$ cat structure22.txt   # compact mmCIF, C-alpha atoms
# COMPACT_ATOMS: atom_id res chain seq x y z
CA MET A 19 -23.50 -30.20 30.19
CA ALA A 20 -22.33 -26.59 30.43
CA ARG A 21 -24.66 -24.24 32.36
CA TRP A 22 -24.66 -20.43 32.27
CA LEU A 23 -25.01 -18.63 35.58
CA LYS A 24 -24.57 -15.32 33.75
CA ARG A 25 -24.75 -14.32 30.08
CA GLY A 26 -23.69 -11.17 28.23
CA LYS A 27 -25.37 -9.38 25.34
CA ASP A 28 -26.76 -11.65 22.66
CA ALA A 29 -25.26 -11.98 19.20
CA GLN A 30 -27.88 -9.73 17.58
CA ALA A 31 -27.16 -6.84 19.93
CA ARG A 32 -23.44 -7.17 19.24
CA LYS A 33 -24.07 -7.25 15.48
CA GLU A 34 -26.09 -4.03 15.63
CA ALA A 35 -23.26 -2.32 17.46
CA ASP A 36 -20.77 -3.60 14.89
CA ASP A 37 -22.92 -2.29 12.02
CA LYS A 38 -22.86 1.23 13.49
CA VAL A 39 -19.09 1.11 13.83
CA ARG A 40 -18.70 -0.12 10.26
CA ALA A 41 -20.69 2.76 8.77
CA THR A 42 -18.79 5.38 10.77
CA VAL A 43 -15.43 3.98 9.71
CA GLU A 44 -16.40 3.86 6.03
CA THR A 45 -17.18 7.57 6.13
CA ILE A 46 -13.90 8.50 7.82
CA LEU A 47 -11.76 6.42 5.46
CA ALA A 48 -13.43 7.96 2.42
CA ASP A 49 -12.84 11.44 3.82
CA VAL A 50 -9.13 10.85 4.47
CA GLU A 51 -8.68 9.33 1.03
CA ALA A 52 -10.38 12.28 -0.64
CA ARG A 53 -8.95 15.21 1.36
CA GLY A 54 -5.73 13.91 2.88
CA ASP A 55 -4.13 16.22 5.46
CA ASP A 56 -7.15 18.51 5.63
CA ALA A 57 -9.40 15.59 6.60
CA VAL A 58 -6.88 14.30 9.14
CA ARG A 59 -6.63 17.72 10.79
CA ASP A 60 -10.40 18.19 10.89
CA LEU A 61 -10.94 14.71 12.34
CA SER A 62 -8.23 15.17 14.94
CA GLN A 63 -9.80 18.46 15.99
CA LYS A 64 -13.24 16.85 16.15
CA PHE A 65 -12.32 13.74 18.12
CA ASP A 66 -9.25 14.83 20.12
CA ASN A 67 -9.44 18.63 20.11
CA TYR A 68 -5.90 18.62 18.70
CA ALA A 69 -4.83 20.17 15.40
CA PRO A 70 -1.14 21.20 15.38
CA ARG A 71 0.65 22.56 12.36
CA ASP A 72 2.60 19.29 12.09
CA PHE A 73 1.52 15.94 13.55
CA PHE A 74 5.09 14.61 13.39
CA LEU A 75 7.36 15.08 16.40
CA GLY A 76 10.84 16.46 15.82
CA LYS A 77 13.96 15.58 17.79
CA ALA A 78 13.59 18.48 20.23
CA GLU A 79 9.95 17.61 20.93
CA ILE A 80 10.86 13.97 21.57
CA GLU A 81 13.60 15.00 23.98
CA ALA A 82 11.23 17.41 25.73
CA ALA A 83 8.64 14.68 26.18
CA MET A 84 11.18 12.22 27.55
CA GLY A 85 12.49 14.90 29.88
CA GLN A 86 9.13 14.90 31.67
CA LEU A 87 9.67 11.35 32.91
CA ARG A 88 11.51 10.14 35.97
CA GLN A 89 14.63 8.05 35.40
CA ARG A 90 12.77 5.17 37.07
CA ASP A 91 10.08 5.40 34.40
CA LEU A 92 12.67 5.30 31.62
CA ASP A 93 14.42 2.37 33.29
CA ASP A 94 11.15 0.44 33.57
CA ILE A 95 10.37 1.05 29.89
CA ALA A 96 13.86 -0.13 28.98
CA PHE A 97 13.41 -3.29 31.09
CA ALA A 98 10.11 -4.17 29.42
CA GLN A 99 11.52 -3.53 25.96
CA ALA A 100 14.52 -5.71 26.72
CA GLN A 101 12.17 -8.62 27.52
CA VAL A 102 10.13 -8.09 24.35
CA ARG A 103 13.26 -7.67 22.23
CA ASN A 104 14.89 -10.80 23.63
CA PHE A 105 11.86 -13.03 23.03
CA ALA A 106 11.33 -11.59 19.53
CA GLN A 107 14.98 -12.26 18.73
CA LYS A 108 14.64 -15.86 19.90
CA GLN A 109 11.56 -16.22 17.70
CA LYS A 110 13.42 -14.76 14.73
CA GLU A 111 16.14 -17.36 15.17
CA CYS A 112 13.49 -20.00 14.43
CA LEU A 113 12.93 -18.44 11.00
CA ARG A 114 15.63 -19.80 8.72
CA ASP A 115 16.25 -19.12 5.07
CA LEU A 116 16.16 -22.35 3.09
CA GLU A 117 17.85 -23.73 -0.01
CA VAL A 118 17.67 -27.40 -0.91
CA GLU A 119 18.35 -29.54 -3.99
CA THR A 120 15.13 -31.52 -4.28
CA LEU A 121 16.13 -33.38 -7.48
CA PRO A 122 19.47 -33.50 -9.29
CA GLY A 123 19.90 -30.00 -10.73
CA VAL A 124 16.70 -28.61 -9.16
CA VAL A 125 17.23 -26.13 -6.33
CA LEU A 126 14.33 -24.65 -4.33
CA GLY A 127 14.49 -22.15 -1.54
CA HIS A 128 12.91 -19.36 0.41
CA ARG A 129 14.03 -16.09 1.96
CA ASN A 130 12.49 -14.36 4.96
CA ILE A 131 12.30 -10.72 3.91
CA PRO A 132 11.17 -7.90 6.23
CA VAL A 133 8.27 -5.70 5.15
CA ASN A 134 9.61 -2.33 3.95
CA ALA A 135 7.35 0.05 5.89
CA VAL A 136 5.09 -0.57 8.88
CA GLY A 137 2.66 1.70 10.69
CA CYS A 138 2.33 0.93 14.42
CA TYR A 139 -0.79 2.19 16.15
CA VAL A 140 -0.54 2.72 19.91
CA PRO A 141 -3.90 3.27 21.64
CA GLY A 142 -4.09 6.15 24.08
CA GLY A 143 -7.67 7.19 24.56
CA ARG A 144 -9.01 5.93 27.87
CA TYR A 145 -5.54 4.75 28.95
CA PRO A 146 -2.13 5.52 27.46
CA MET A 147 -1.12 2.06 26.21
CA ILE A 148 2.63 2.48 26.61
CA ALA A 149 3.25 -1.25 26.30
CA SER A 150 1.75 -1.36 22.81
CA ALA A 151 4.74 0.60 21.57
CA HIS A 152 7.06 -2.15 22.84
CA MET A 153 4.99 -4.86 21.22
CA SER A 154 4.82 -3.31 17.76
CA VAL A 155 7.82 -1.01 17.31
CA VAL A 156 10.42 -3.18 19.05
CA THR A 157 9.23 -6.35 17.32
CA ALA A 158 9.21 -4.70 13.89
CA LYS A 159 12.74 -3.47 14.39
CA VAL A 160 13.93 -6.93 15.48
CA ALA A 161 12.40 -8.25 12.25
CA GLY A 162 14.51 -5.73 10.31
CA VAL A 163 11.77 -3.39 9.05
CA PRO A 164 13.60 -0.36 7.57
CA ARG A 165 10.85 2.23 8.18
CA VAL A 166 8.64 2.11 11.24
CA ILE A 167 6.17 4.93 11.79
CA ALA A 168 4.41 4.97 15.17
CA SER A 169 1.26 6.89 15.97
CA ALA A 170 -0.66 7.53 19.19
CA PRO A 171 -3.41 10.01 20.04
CA PRO A 172 -2.72 13.11 22.11
CA HIS A 173 -3.31 12.81 25.85
CA ARG A 174 -4.97 15.86 27.40
CA GLY A 175 -4.05 17.98 24.40
CA ALA A 176 -0.39 17.01 24.07
CA PRO A 177 1.87 14.07 23.20
CA HIS A 178 1.92 11.55 26.04
CA PRO A 179 5.50 11.61 27.37
CA ALA A 180 5.72 7.92 28.25
CA ILE A 181 4.29 6.77 24.92
CA VAL A 182 6.70 9.03 23.05
CA ALA A 183 9.58 7.66 25.11
CA ALA A 184 8.55 4.07 24.44
CA MET A 185 8.21 4.71 20.69
CA HIS A 186 11.59 6.44 20.51
CA MET A 187 13.42 3.92 22.70
CA GLY A 188 11.83 1.11 20.70
CA GLY A 189 13.38 2.45 17.49
CA ALA A 190 10.54 4.23 15.69
CA ASP A 191 11.81 6.17 12.68
CA GLU A 192 8.85 8.57 12.65
CA ILE A 193 6.46 9.51 15.47
CA LEU A 194 2.97 10.90 14.89
CA VAL A 195 0.66 12.39 17.49
CA LEU A 196 -2.56 11.26 15.88
CA GLY A 197 -5.27 8.90 17.05
CA GLY A 198 -8.19 6.76 16.02
CA VAL A 199 -9.37 5.87 12.55
CA GLN A 200 -7.75 9.00 11.10
CA ALA A 201 -4.34 7.74 12.24
CA VAL A 202 -4.54 4.29 10.68
CA ALA A 203 -6.16 5.77 7.56
CA ALA A 204 -3.37 8.32 7.14
CA MET A 205 -0.66 5.70 7.57
CA ALA A 206 -2.32 3.20 5.23
CA LEU A 207 -3.57 5.53 2.50
CA GLY A 208 -0.98 8.28 2.78
CA THR A 209 -1.60 12.02 2.72
CA GLN A 210 0.28 15.02 1.39
CA SER A 211 2.61 14.87 4.40
CA ILE A 212 2.48 11.22 5.45
CA LYS A 213 4.07 8.59 3.23
CA PRO A 214 1.96 5.40 3.17
CA VAL A 215 3.08 2.14 4.75
CA ASP A 216 2.82 -1.44 3.55
CA MET A 217 1.41 -2.88 6.76
CA LEU A 218 -0.59 -1.76 9.82
CA VAL A 219 -0.18 -3.30 13.25
CA GLY A 220 -1.33 -2.68 16.79
CA PRO A 221 -4.48 -2.99 18.89
CA GLY A 222 -7.23 -0.42 19.27
CA ASN A 223 -10.88 0.11 20.02
CA ALA A 224 -13.71 -1.21 17.88
CA PHE A 225 -13.33 1.66 15.39
CA VAL A 226 -9.60 1.11 14.88
CA ALA A 227 -10.12 -2.64 14.50
CA GLU A 228 -12.84 -2.05 11.89
CA ALA A 229 -10.65 0.45 10.05
CA LYS A 230 -7.89 -2.16 9.80
CA ARG A 231 -10.42 -4.68 8.51
CA GLN A 232 -11.64 -2.31 5.79
CA LEU A 233 -8.08 -1.34 4.81
CA TYR A 234 -6.88 -4.93 4.58
CA GLY A 235 -5.88 -5.64 1.01
CA ARG A 236 -4.65 -2.13 0.34
CA VAL A 237 -2.17 -2.82 3.13
CA GLY A 238 -1.36 -5.85 5.19
CA ILE A 239 -2.46 -6.05 8.80
CA ASP A 240 -1.24 -8.07 11.75
CA LEU A 241 -4.68 -9.36 12.79
CA PHE A 242 -8.07 -8.18 13.97
CA ALA A 243 -7.26 -6.93 17.46
CA GLY A 244 -10.30 -5.18 18.87
CA PRO A 245 -11.51 -4.68 22.44
CA THR A 246 -9.72 -6.83 25.00
CA GLU A 247 -11.17 -10.24 25.88
CA THR A 248 -10.29 -12.39 28.87
CA LEU A 249 -11.26 -15.91 29.83
CA VAL A 250 -10.48 -17.44 33.22
CA VAL A 251 -10.59 -21.24 33.39
CA ALA A 252 -10.42 -22.25 37.04
CA ASP A 253 -11.32 -24.88 39.60
CA GLU A 254 -11.22 -24.97 43.39
CA THR A 255 -7.41 -25.05 43.46
CA VAL A 256 -7.78 -21.24 43.47
CA ASP A 257 -10.21 -18.91 45.21
CA ALA A 258 -12.77 -16.32 44.23
CA GLU A 259 -10.52 -13.34 44.94
CA ILE A 260 -7.92 -14.29 42.37
CA CYS A 261 -10.57 -15.20 39.77
CA ALA A 262 -12.48 -11.95 40.27
CA THR A 263 -9.29 -9.89 40.22
CA ASP A 264 -8.14 -11.45 36.95
CA LEU A 265 -11.55 -10.90 35.32
CA LEU A 266 -11.86 -7.27 36.37
CA GLY A 267 -8.22 -6.55 35.57
CA GLN A 268 -9.09 -6.92 31.90
CA ALA A 269 -12.71 -5.72 32.00
CA GLU A 270 -11.40 -2.26 32.93
CA HIS A 271 -10.03 -1.89 29.39
CA GLY A 272 -13.40 -0.70 28.16
CA PRO A 273 -17.17 -1.16 28.33
CA THR A 274 -17.19 -3.72 25.50
CA SER A 275 -14.46 -6.00 26.87
CA PRO A 276 -15.78 -9.55 27.48
CA ALA A 277 -14.72 -11.26 30.72
CA VAL A 278 -15.72 -14.91 31.06
CA LEU A 279 -15.28 -17.49 33.82
CA ILE A 280 -15.36 -21.20 33.07
CA THR A 281 -15.25 -23.55 36.05
CA ASP A 282 -16.35 -27.00 37.15
CA SER A 283 -17.29 -25.65 40.57
CA GLU A 284 -20.63 -23.90 41.05
CA LYS A 285 -19.39 -22.89 44.50
CA LEU A 286 -16.36 -21.07 42.99
CA ALA A 287 -18.58 -19.55 40.30
CA ARG A 288 -21.01 -18.01 42.77
CA GLU A 289 -18.28 -16.88 45.13
CA THR A 290 -16.47 -15.22 42.20
CA MET A 291 -19.61 -13.37 41.15
CA ALA A 292 -20.06 -12.11 44.71
CA GLU A 293 -16.38 -11.12 44.91
CA ILE A 294 -16.68 -9.20 41.64
CA GLU A 295 -19.47 -7.12 43.15
CA ARG A 296 -17.33 -6.44 46.23
CA LEU A 297 -14.27 -5.45 44.21
CA LEU A 298 -16.25 -3.25 41.83
CA GLY A 299 -17.04 -1.05 44.81
CA ARG A 300 -13.32 -0.55 45.46
CA LEU A 301 -11.85 -0.44 41.96
CA PRO A 302 -11.10 3.12 40.75
CA THR A 303 -11.96 2.01 37.21
CA GLY A 304 -15.06 0.22 38.45
CA ASP A 305 -17.50 2.24 36.35
CA VAL A 306 -15.95 0.92 33.14
CA ALA A 307 -15.35 -2.58 34.46
CA ARG A 308 -18.92 -2.82 35.75
CA GLN A 309 -20.42 -1.98 32.38
CA ALA A 310 -18.17 -4.54 30.67
CA TRP A 311 -19.07 -7.16 33.25
CA GLU A 312 -22.81 -6.46 33.13
CA ASP A 313 -23.03 -6.36 29.33
CA TYR A 314 -20.34 -8.85 28.29
CA GLY A 315 -19.49 -10.93 31.38
CA GLU A 316 -20.34 -14.63 31.45
CA VAL A 317 -20.06 -17.45 33.99
CA ILE A 318 -20.18 -21.03 32.73
CA VAL A 319 -20.21 -24.13 34.93
CA CYS A 320 -18.96 -27.33 33.29
CA ASP A 321 -18.68 -31.02 34.14
CA GLY A 322 -14.94 -31.57 34.41
CA LEU A 323 -11.76 -30.52 32.63
CA GLU A 324 -12.66 -31.86 29.19
CA GLU A 325 -15.90 -29.89 28.98
CA MET A 326 -14.06 -26.82 30.28
CA ARG A 327 -11.55 -27.27 27.46
CA GLU A 328 -14.34 -27.64 24.89
CA GLU A 329 -16.02 -24.43 26.03
CA ALA A 330 -12.71 -22.56 26.11
CA ASP A 331 -11.92 -23.62 22.53
CA ARG A 332 -15.44 -22.64 21.43
CA ILE A 333 -15.03 -19.14 22.89
CA ALA A 334 -11.53 -18.76 21.36
CA SER A 335 -10.66 -15.88 23.67
CA GLU A 336 -7.79 -13.46 23.28
CA HIS A 337 -6.39 -14.07 26.79
CA VAL A 338 -6.91 -17.40 28.57
CA GLN A 339 -5.89 -17.66 32.22
CA ILE A 340 -5.66 -21.33 33.31
CA MET A 341 -5.73 -22.09 37.04
CA THR A 342 -6.64 -25.74 37.57
CA ARG A 343 -5.41 -29.01 39.02
CA ASP A 344 -3.93 -29.87 35.60
CA ASP A 345 -2.84 -26.74 33.73
CA GLU A 346 -0.65 -28.79 31.38
CA PHE A 347 -3.76 -30.57 30.08
CA PHE A 348 -4.96 -27.27 28.63
CA LEU A 349 -1.53 -26.44 27.19
CA ARG A 350 -1.48 -29.81 25.42
CA SER A 351 -5.07 -29.87 24.23
CA MET A 352 -6.35 -26.33 23.62
CA THR A 353 -6.18 -25.08 20.03
CA ASN A 354 -8.08 -21.76 19.99
CA PHE A 355 -6.53 -18.97 22.07
CA GLY A 356 -4.52 -15.80 21.64
CA ALA A 357 -2.21 -16.47 24.58
CA LEU A 358 -2.27 -18.86 27.52
CA PHE A 359 -1.36 -17.85 31.07
CA LEU A 360 -0.70 -21.01 33.02
CA GLY A 361 -1.06 -21.17 36.78
CA PRO A 362 -1.90 -18.61 39.45
CA ARG A 363 1.65 -17.25 39.58
CA THR A 364 1.25 -15.60 36.18
CA ASN A 365 -1.53 -13.42 34.82
CA VAL A 366 -2.61 -11.44 31.78
CA ALA A 367 -1.14 -8.19 33.08
CA TYR A 368 2.34 -9.74 33.00
CA GLY A 369 1.84 -10.55 29.33
CA ASP A 370 0.28 -7.17 28.62
CA LYS A 371 3.10 -5.12 30.08
CA VAL A 372 6.43 -6.71 30.71
CA ILE A 373 7.12 -10.45 30.57
CA GLY A 374 8.16 -10.47 26.90
CA THR A 375 5.45 -12.24 24.91
CA ASN A 376 3.48 -10.00 22.56
CA HIS A 377 0.19 -8.55 23.78
CA THR A 378 -1.31 -7.82 20.35
CA LEU A 379 -3.58 -10.84 20.06
CA PRO A 380 -6.60 -12.05 18.06
CA THR A 381 -10.11 -11.16 19.25
CA LYS A 382 -13.66 -11.98 18.13
CA LYS A 383 -12.83 -15.68 17.61
CA ALA A 384 -9.96 -14.92 15.21
CA ALA A 385 -7.87 -17.23 17.42
CA ARG A 386 -9.48 -20.08 15.48
CA TYR A 387 -7.20 -19.27 12.52
CA THR A 388 -4.37 -16.99 13.63
CA GLY A 389 -1.99 -16.39 16.48
CA GLY A 390 -0.91 -13.02 17.78
CA LEU A 391 1.63 -10.48 16.60
CA TRP A 392 5.18 -11.81 16.54
CA VAL A 393 8.39 -11.15 14.67
CA GLY A 394 7.31 -13.47 11.83
CA LYS A 395 4.30 -11.24 11.05
CA PHE A 396 6.74 -8.60 9.81
CA MET A 397 8.49 -11.08 7.51
CA LYS A 398 7.52 -12.28 4.06
CA THR A 399 8.60 -15.86 3.32
CA CYS A 400 9.27 -15.68 -0.41
CA THR A 401 10.20 -18.71 -2.48
CA TYR A 402 12.56 -19.08 -5.45
CA GLN A 403 13.72 -21.84 -7.76
CA LYS A 404 16.76 -22.61 -9.85
CA VAL A 405 17.06 -25.33 -12.48
CA GLN A 406 20.79 -25.76 -12.93
CA THR A 407 21.16 -28.43 -15.62
CA ALA A 408 19.71 -29.05 -19.06
CA GLU A 409 18.80 -32.58 -18.08
CA ALA A 410 16.78 -31.39 -15.08
CA SER A 411 14.92 -28.78 -17.10
CA ALA A 412 13.98 -31.31 -19.79
CA MET A 413 12.86 -33.90 -17.25
CA ILE A 414 10.70 -31.48 -15.24
CA GLY A 415 9.44 -30.02 -18.52
CA GLU A 416 7.98 -33.29 -19.70
CA TYR A 417 5.95 -33.69 -16.52
CA CYS A 418 4.89 -30.04 -16.63
CA SER A 419 3.85 -30.28 -20.28
CA ARG A 420 1.52 -33.19 -19.68
CA LEU A 421 0.03 -31.72 -16.50
CA CYS A 422 -0.65 -28.39 -18.21
CA MET A 423 -2.42 -30.05 -21.11
CA LEU A 424 -4.46 -32.09 -18.62
CA GLU A 425 -5.83 -28.75 -17.39
CA GLY A 426 -6.19 -27.29 -20.89
CA PHE A 427 -3.45 -24.68 -20.45
CA VAL A 428 -1.75 -24.90 -23.85
CA GLY A 429 0.32 -21.75 -23.35
CA HIS A 430 1.58 -23.08 -20.06
CA ALA A 431 2.47 -26.34 -21.74
CA GLU A 432 4.51 -24.49 -24.36
CA GLN A 433 6.58 -22.87 -21.62
CA ALA A 434 7.61 -26.38 -20.70
CA ASN A 435 7.81 -27.71 -24.28
CA VAL A 436 10.26 -25.06 -25.47
CA ARG A 437 12.66 -26.19 -22.73
CA VAL A 438 12.16 -29.85 -23.56
CA ARG A 439 12.93 -29.13 -27.23
CA ARG A 440 15.93 -26.91 -26.40
CA TYR A 441 17.49 -28.82 -23.54
CA GLY A 442 16.25 -32.35 -24.16
CA GLY A 443 16.43 -32.52 -27.93
CA ARG A 444 12.82 -33.73 -28.18
CA ASN A 445 10.71 -32.93 -31.25
CA ILE A 446 7.34 -32.01 -29.71
CA PRO A 447 4.75 -30.52 -32.10
CA TYR A 448 3.60 -27.06 -31.06
CA GLY A 449 0.50 -27.18 -28.85
CA GLU A 450 0.85 -30.83 -27.93
CA ALA A 451 1.93 -32.53 -24.74
CA ALA A 452 5.27 -34.22 -24.30
CA GLU A 453 4.77 -37.99 -24.50
$ encode --input "structure22.txt" --output "structure tokens"
Amino acid sequence: MARWLKRGKDAQARKEADDKVRATVETILADVEARGDDAVRDLSQKFDNYAPRDFFLGKAEIEAAMGQLRQRDLDDIAFAQAQVRNFAQKQKECLRDLEVETLPGVVLGHRNIPVNAVGCYVPGGRYPMIASAHMSVVTAKVAGVPRVIASAPPHRGAPHPAIVAAMHMGGADEILVLGGVQAVAAMALGTQSIKPVDMLVGPGNAFVAEAKRQLYGRVGIDLFAGPTETLVVADETVDAEICATDLLGQAEHGPTSPAVLITDSEKLARETMAEIERLLGRLPTGDVARQAWEDYGEVIVCDGLEEMREEADRIASEHVQIMTRDDEFFLRSMTNFGALFLGPRTNVAYGDKVIGTNHTLPTKKAARYTGGLWVGKFMKTCTYQKVQTAEASAMIGEYCSRLCMLEGFVGHAEQANVRVRRYGGRNIPYGEAAE
């Protein structure tokens, strides 16, 4: 039976925190909807001390921002985007339009159609999340989205050069220097100067995630991607240093980022906890990582691989690092995860920054019902039908007529009956089923 050597905050404490976030976001969304650009400017001044005449960047401003970077920086961004673009393109090749004749004269099909306008949010508060521009902008453009608007908060009172470069090199059609709830609200709802989008994508803090949740329905969203979560599933084939490093590497995202260790070795569990304390004293971001570890860190000791798998699926973490004697067992059997990182040679940072898979992934157990952002999220699979012969229309019509009447839908039945009369020569009394 699974045993906890360490637990994080209980569910009630997390719910209270979520309730406070929800109320704040409701107020901001209502303000942006009511006052448009004026609200956006006031909110940007309040939260980021940034209120320019125009939040959009022009060509000269983009070039100036990119000019602040070393060529090595630009080359590294290009390398990462090439990996993301290549994998997204391979995924897109799996999405095929379809047309098939299912019965003589009956043709059914679907088309994969890109969304017309997408807003990509790139976090940049505590850390400038340059890689998020690759994951959203590049992938949307591979999908064929005609209009991609990308937005990131100012960094120290100005556009962050590397984020601007990543957005521009990724293919963004419009670039906004705007952060937080006001950014996603402006893109989703529209203002006097910002044309609304059809879909919002990208990760963010708890406030951005809640804003996307409240806006869902007015616009589409990729998924609920809130504070980063990481789960390490390990046994004694690896050591405490690598486990502790992988846990803290994600805990540094923010003070509400869960980091969980599942193992079948109490020895490894205790050594990892001790190693975490040692590394926290050396890590420059240790103040943030420590709070995340103290409030949201967990250590669970299980009896064997199967119980480890059960606990991992129950947690349904965003990132799952597998380092065991049988990593393939978890690849075959796990069903609830945002992304798997198999073996000690890979890690979550590779996926976050450069390897090519998308780092916008489900959090808060959303992995039970959705995967992460990928090229298919930007596509609508829309069906169509063609009935090409009179005989086929009459034959399908008879079945449809009877099934509609079985449900009591007389008007529906008449849609079928008029075709049966016209194309099949049948004399069916109005309002009755075809017999």
$ closest_residue --input "structure22.txt" --among "A:Val219, A:Ala229, A:Ala69, A:Cys112" --to "Thr45 (chain A)" --atoms "only C-alpha atoms"
A:Ala229
$ residues_around --input "structure22.txt" --residues "Gly374 (chain A)" --least-positions-apart "6" --cutoff "9 Å" --atoms "only C-alpha atoms" --output "MDAnalysis selection string"
chainID A and resid 98:106 153 368
$ write_last_selection --input "structure22.txt" --atoms "C-alpha atoms" --output "tab-separated table (two decimals), in the coordinates of the input"
chain	number	residue	atom	x	y	z
A	98	ALA	CA	10.11	-4.17	29.42
A	99	GLN	CA	11.52	-3.53	25.96
A	100	ALA	CA	14.52	-5.71	26.72
A	101	GLN	CA	12.17	-8.62	27.52
A	102	VAL	CA	10.13	-8.09	24.35
A	103	ARG	CA	13.26	-7.67	22.23
A	104	ASN	CA	14.89	-10.80	23.63
A	105	PHE	CA	11.86	-13.03	23.03
A	106	ALA	CA	11.33	-11.59	19.53
A	153	MET	CA	4.99	-4.86	21.22
A	368	TYR	CA	2.34	-9.74	33.00
$ atom_distance --input "structure22.txt" --atom1 "CA of Ala408 (chain A)" --atom2 "CA of Tyr448 (chain A)"
20.2 Å
$ residues_near_point --input "structure22.txt" --point "(2.9, 11.3, 16.2)" --cutoff "10 Å" --atoms "all atoms listed in the file" --output "NGL selection string"
:A and (72-76 or 80 or 139-140 or 167-172 or 177-178 or 181-182 or 185 or 192-197 or 201)
$ closest_residue --input "structure22.txt" --among "A:Asp321, A:Glu81, A:Glu295, A:Asp49" --to "Leu266 (chain A)" --atoms "only C-alpha atoms"
A:Glu295
$ residues_near_point --input "structure22.txt" --point "(-3.7, -11.5, 32.3)" --cutoff "9 Å" --atoms "all atoms listed in the file" --output "compact mmCIF listing (two decimals) with C-alpha atoms, in the frame of the given file"
# COMPACT_ATOMS: atom_id res chain seq x y z
CA THR A 248 -10.29 -12.39 28.87
CA ASP A 264 -8.14 -11.45 36.95
CA LEU A 265 -11.55 -10.90 35.32
CA GLY A 267 -8.22 -6.55 35.57
CA GLN A 268 -9.09 -6.92 31.90
CA HIS A 337 -6.39 -14.07 26.79
CA VAL A 338 -6.91 -17.40 28.57
CA GLN A 339 -5.89 -17.66 32.22
CA LEU A 358 -2.27 -18.86 27.52
CA PHE A 359 -1.36 -17.85 31.07
CA THR A 364 1.25 -15.60 36.18
CA ASN A 365 -1.53 -13.42 34.82
CA VAL A 366 -2.61 -11.44 31.78
CA ALA A 367 -1.14 -8.19 33.08
CA TYR A 368 2.34 -9.74 33.00
CA GLY A 369 1.84 -10.55 29.33
CA ASP A 370 0.28 -7.17 28.62
$ atom_distance --input "structure22.txt" --atom1 "CA of Thr120 (chain A)" --atom2 "CA of Glu425 (chain A)"
24.9 Å
$ atom_distance --input "structure22.txt" --atom1 "CA of Gly272 (chain A)" --atom2 "CA of Leu360 (chain A)"
24.4 Å
$ residues_around --input "structure22.txt" --residues "Val43 (chain A)" --least-positions-apart "2" --cutoff "7 Å" --atoms "all atoms listed in the file" --output "VMD selection string"
chain A and resid 39 to 41 45 to 47 199 225 228 to 229
$ closest_residue --input "structure22.txt" --among "A:Gly356, A:Gly143, A:Gly26, A:Pro179" --to "Asp91 (chain A)" --atoms "only C-alpha atoms"
A:Pro179
$ closest_residue --input "structure22.txt" --among "A:Cys261, A:Ala83, A:Ile212, A:Ile414" --to "Val50 (chain A)" --atoms "all atoms listed in the file"
A:Ile212
$ closest_residue --input "structure22.txt" --among "A:Asn376, A:Gln232, A:Gln210, A:Gln406" --to "Arg59 (chain A)" --atoms "all atoms listed in the file"
A:Gln210
$ residues_around --input "structure22.txt" --residues "Lys398 (chain A)" --least-positions-apart "2" --cutoff "6 Å" --atoms "only C-alpha atoms" --output "list in words"
Asn130, Ile131 and Cys400 of chain A
$ residues_around --input "structure22.txt" --residues "Met187 (chain A)" --least-positions-apart "2" --cutoff "10 Å" --atoms "all atoms listed in the file" --output "list of chain:residue names"
A:Met84, A:Leu92, A:Ile95, A:Ala96, A:Gln99, A:Ala151, A:His152, A:Val155, A:Val156, A:Ile181, A:Val182, A:Ala183, A:Ala184, A:Met185, A:Gly189, A:Ala190
$ write_last_selection --input "structure22.txt" --atoms "C-alpha atoms" --output "compact mmCIF listing (two decimals), keeping the file's coordinate frame"
# COMPACT_ATOMS: atom_id res chain seq x y z
CA MET A 84 11.18 12.22 27.55
CA LEU A 92 12.67 5.30 31.62
CA ILE A 95 10.37 1.05 29.89
CA ALA A 96 13.86 -0.13 28.98
CA GLN A 99 11.52 -3.53 25.96
CA ALA A 151 4.74 0.60 21.57
CA HIS A 152 7.06 -2.15 22.84
CA VAL A 155 7.82 -1.01 17.31
CA VAL A 156 10.42 -3.18 19.05
CA ILE A 181 4.29 6.77 24.92
CA VAL A 182 6.70 9.03 23.05
CA ALA A 183 9.58 7.66 25.11
CA ALA A 184 8.55 4.07 24.44
CA MET A 185 8.21 4.71 20.69
CA GLY A 189 13.38 2.45 17.49
CA ALA A 190 10.54 4.23 15.69
$ axis_aligned_box --input "structure22.txt" --around "region 439-452 of chain A" --padding-each-side "4 Å" --output "AutoDock Vina command-line options"
--center_x 9.0 --center_y -30.6 --center_z -27.8 --size_x 25.0 --size_y 15.3 --size_z 16.6
$ residues_around --input "structure22.txt" --residues "Asp313 (chain A)" --least-positions-apart "6" --cutoff "10 Å" --atoms "only C-alpha atoms" --output "ChimeraX atom specification"
/A:25-28,273-277,307
$ closest_residue --input "structure22.txt" --among "A:Ala451, A:Cys422, A:Met352, A:Ala52" --to "Thr209 (chain A)" --atoms "all atoms listed in the file"
A:Ala52
$ decode --input "structure22.txt" --residues "region 66-77 of chain A" --atoms "C-alpha atoms" --output "compact mmCIF listing (two decimals), in the first residue's frame"
# COMPACT_ATOMS: atom_id res chain seq x y z
CA ASP A 66 3.34 45.82 -14.90
CA ASN A 67 3.97 49.56 -14.58
CA TYR A 68 3.77 49.73 -18.37
CA ALA A 69 1.31 51.85 -20.36
CA PRO A 70 2.65 52.79 -23.83
CA ARG A 71 0.64 54.66 -26.42
CA ASP A 72 0.41 51.45 -28.48
CA PHE A 73 0.81 47.91 -27.13
CA PHE A 74 1.54 46.56 -30.62
CA LEU A 75 5.15 46.41 -31.82
CA GLY A 76 5.95 47.81 -35.25
CA LYS A 77 8.61 46.51 -37.63
